[in-house]
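See below for the structure under consideration.
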Amino acid sequence: MFIRKCEMCGSEFETSSNRAKYCVLCRDKAQVMRNRSYARKKKAGISVTIGSEQICPICKKTYIVTSGSQKCCKECAMALRKIKKTPTTAAYLKGHYDYIRVNVPKGEREGIKEYAKSLGMSVNKLFLTALEEYKLNHQ
């Protein structure tokens with residue numbers, strides 16, 4: 001179970017989903033807002049229906065829409081995915097760092113992340129700092 005903060009009202013709620021944004025009370029309100037937004041787009045002729053032909057904003061070729069979130073043709077989408085991947089970052093990490101997997105007790109992961117955030121650190125930096133402290137105090 002995850003404890004989340006509702007993006008609409010700010011109250012904390014418990015959920016089994018790691019993607020939940022809204023509490024039970026606000027979930028229906030959010031759906032109504034999404035439906036209204038879609039209805040406005042559809043009425044204005046801005047919405048894109050699956051199966052319709054669109055013009056790719058990148059290469060200016062026509063393509064058939066296959067999903068609701070599709071913004072460009074498949075060729076351009078593939079090219080964008082290749083650009084977004086940064087092999088230099090992966091290569092740098094591989095060349096300069098070793099990987100260690102840390103298992104924590106069930107339910108404590110979020111607490112550790114919040115604690116690290118409250119200190120202005122990443123979880124990685126928190127563990128490295130704790131290790132240095134331990135080395136200094138236990139020699």
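Please note that chains go A, B, ... in the order of the structure tokens, that every chain numbers its residues from 1, and that ligands are numbered from 1 in the order shown.
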
inquiry  = Can you tell me which residues surround region 69-83 of chain A at a distance of at most 12 Å, considering only C-alpha atoms, apart from same-chain residues fewer than 2 positions away, and format the answer as a PyMOL selection string?
reply    = chain A and resi 47-67+85-88

message = As an exercise, work out the distance from CA of Arg101 (chain A) to CA of Asn124 (chain A) in Å and give it to one decimal place.
response =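 CA of Asn124 (chain A) lies at a distance of 10.9 Å from CA of Arg101 (chain A).
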
note = As a check of understanding: the span from CA of Met8 (chain A) to CA of Gly111 (chain A) is 22.6 Å

message = I want to know what sits within 12 Å of region 127-134 of chain A, based on only C-alpha atoms, with residues of the same chain fewer than 5 positions away left out; could you give that as a VMD selection string?
response = chain A and resid 100 to 102 112 to 113 115 to 116 119 121 to 122 139

task = Give the alpha helix (DSSP H) residues of chain A, as DSSP finds them on the backbone, and put them as number ranges by chain.
result = A: 24-44, 74-84, 87-96, 109-118, 123-137

Would you put the residues from that selection into a file with C-alpha atoms, as a CSV table (one decimal), in the first residue's frame?
chain,number,residue,atom,x,y,z
A,24,VAL,CA,-11.6,8.7,-3.5
A,25,LEU,CA,-13.6,11.9,-3.1
A,26,CYS,CA,-11.7,13.9,-5.8
A,27,ARG,CA,-11.3,11.0,-8.3
A,28,ASP,CA,-14.8,11.6,-9.7
A,29,LYS,CA,-14.3,15.3,-9.8
A,30,ALA,CA,-11.1,14.9,-11.8
A,31,GLN,CA,-12.9,12.5,-14.3
A,32,VAL,CA,-15.6,15.1,-14.8
A,33,MET,CA,-13.0,17.8,-15.5
A,34,ARG,CA,-11.2,15.5,-18.0
A,35,ASN,CA,-14.6,14.7,-19.7
A,36,ARG,CA,-15.4,18.4,-20.0
A,37,SER,CA,-12.0,19.3,-21.4
A,38,TYR,CA,-12.4,16.5,-24.0
A,39,ALA,CA,-15.9,17.7,-24.9
A,40,ARG,CA,-14.6,21.3,-25.4
A,41,LYS,CA,-11.8,20.1,-27.6
A,42,LYS,CA,-14.2,17.9,-29.6
A,43,LYS,CA,-16.7,20.7,-30.0
A,44,ALA,CA,-13.9,23.1,-31.2
A,74,LYS,CA,6.1,6.6,-36.0
A,75,GLU,CA,9.3,7.3,-37.8
A,76,CYS,CA,9.8,10.6,-36.1
A,77,ALA,CA,8.8,9.2,-32.8
A,78,MET,CA,11.4,6.5,-33.1
A,79,ALA,CA,14.0,9.1,-34.0
A,80,LEU,CA,13.0,11.2,-31.0
A,81,ARG,CA,13.4,8.2,-28.7
A,82,LYS,CA,16.9,7.5,-30.0
A,83,ILE,CA,17.8,11.2,-29.4
A,84,LYS,CA,16.3,11.2,-25.8
A,87,PRO,CA,24.4,6.8,-23.9
A,88,THR,CA,27.0,9.2,-22.7
A,89,THR,CA,25.4,9.3,-19.2
A,90,ALA,CA,25.0,5.6,-19.1
A,91,ALA,CA,28.6,5.1,-20.2
A,92,TYR,CA,29.8,7.7,-17.6
A,93,LEU,CA,28.0,5.9,-14.8
A,94,LYS,CA,29.2,2.5,-16.0
A,95,GLY,CA,32.8,3.8,-16.1
A,96,HIS,CA,32.8,5.7,-12.8
A,109,ARG,CA,11.1,2.8,0.9
A,110,GLU,CA,9.0,5.9,0.7
A,111,GLY,CA,10.1,7.0,4.2
A,112,ILE,CA,13.7,6.7,3.2
A,113,LYS,CA,13.1,8.7,0.1
A,114,GLU,CA,11.2,11.4,2.1
A,115,TYR,CA,14.0,11.6,4.7
A,116,ALA,CA,16.6,12.0,2.0
A,117,LYS,CA,14.5,14.7,0.3
A,118,SER,CA,14.1,16.5,3.7
A,123,VAL,CA,18.9,8.4,-1.6
A,124,ASN,CA,22.2,7.5,-3.1
A,125,LYS,CA,23.9,10.5,-1.5
A,126,LEU,CA,22.2,9.7,1.8
A,127,PHE,CA,23.6,6.1,1.8
A,128,LEU,CA,27.1,7.2,0.9
A,129,THR,CA,27.1,9.9,3.6
A,130,ALA,CA,25.8,7.3,6.2
A,131,LEU,CA,28.5,4.9,5.1
A,132,GLU,CA,31.2,7.6,5.6
A,133,GLU,CA,29.8,8.5,9.0
A,134,TYR,CA,29.9,4.8,10.0
A,135,LYS,CA,33.5,4.4,8.8
A,136,LEU,CA,34.5,7.5,10.9
A,137,ASN,CA,32.8,6.4,14.1

ask   = Quick one: distance from CA of Tyr22 (chain A) to CA of Arg4 (chain A) in Å, one decimal?
value =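 Separating CA of Tyr22 (chain A) from CA of Arg4 (chain A) is a distance of 8.3 Å.
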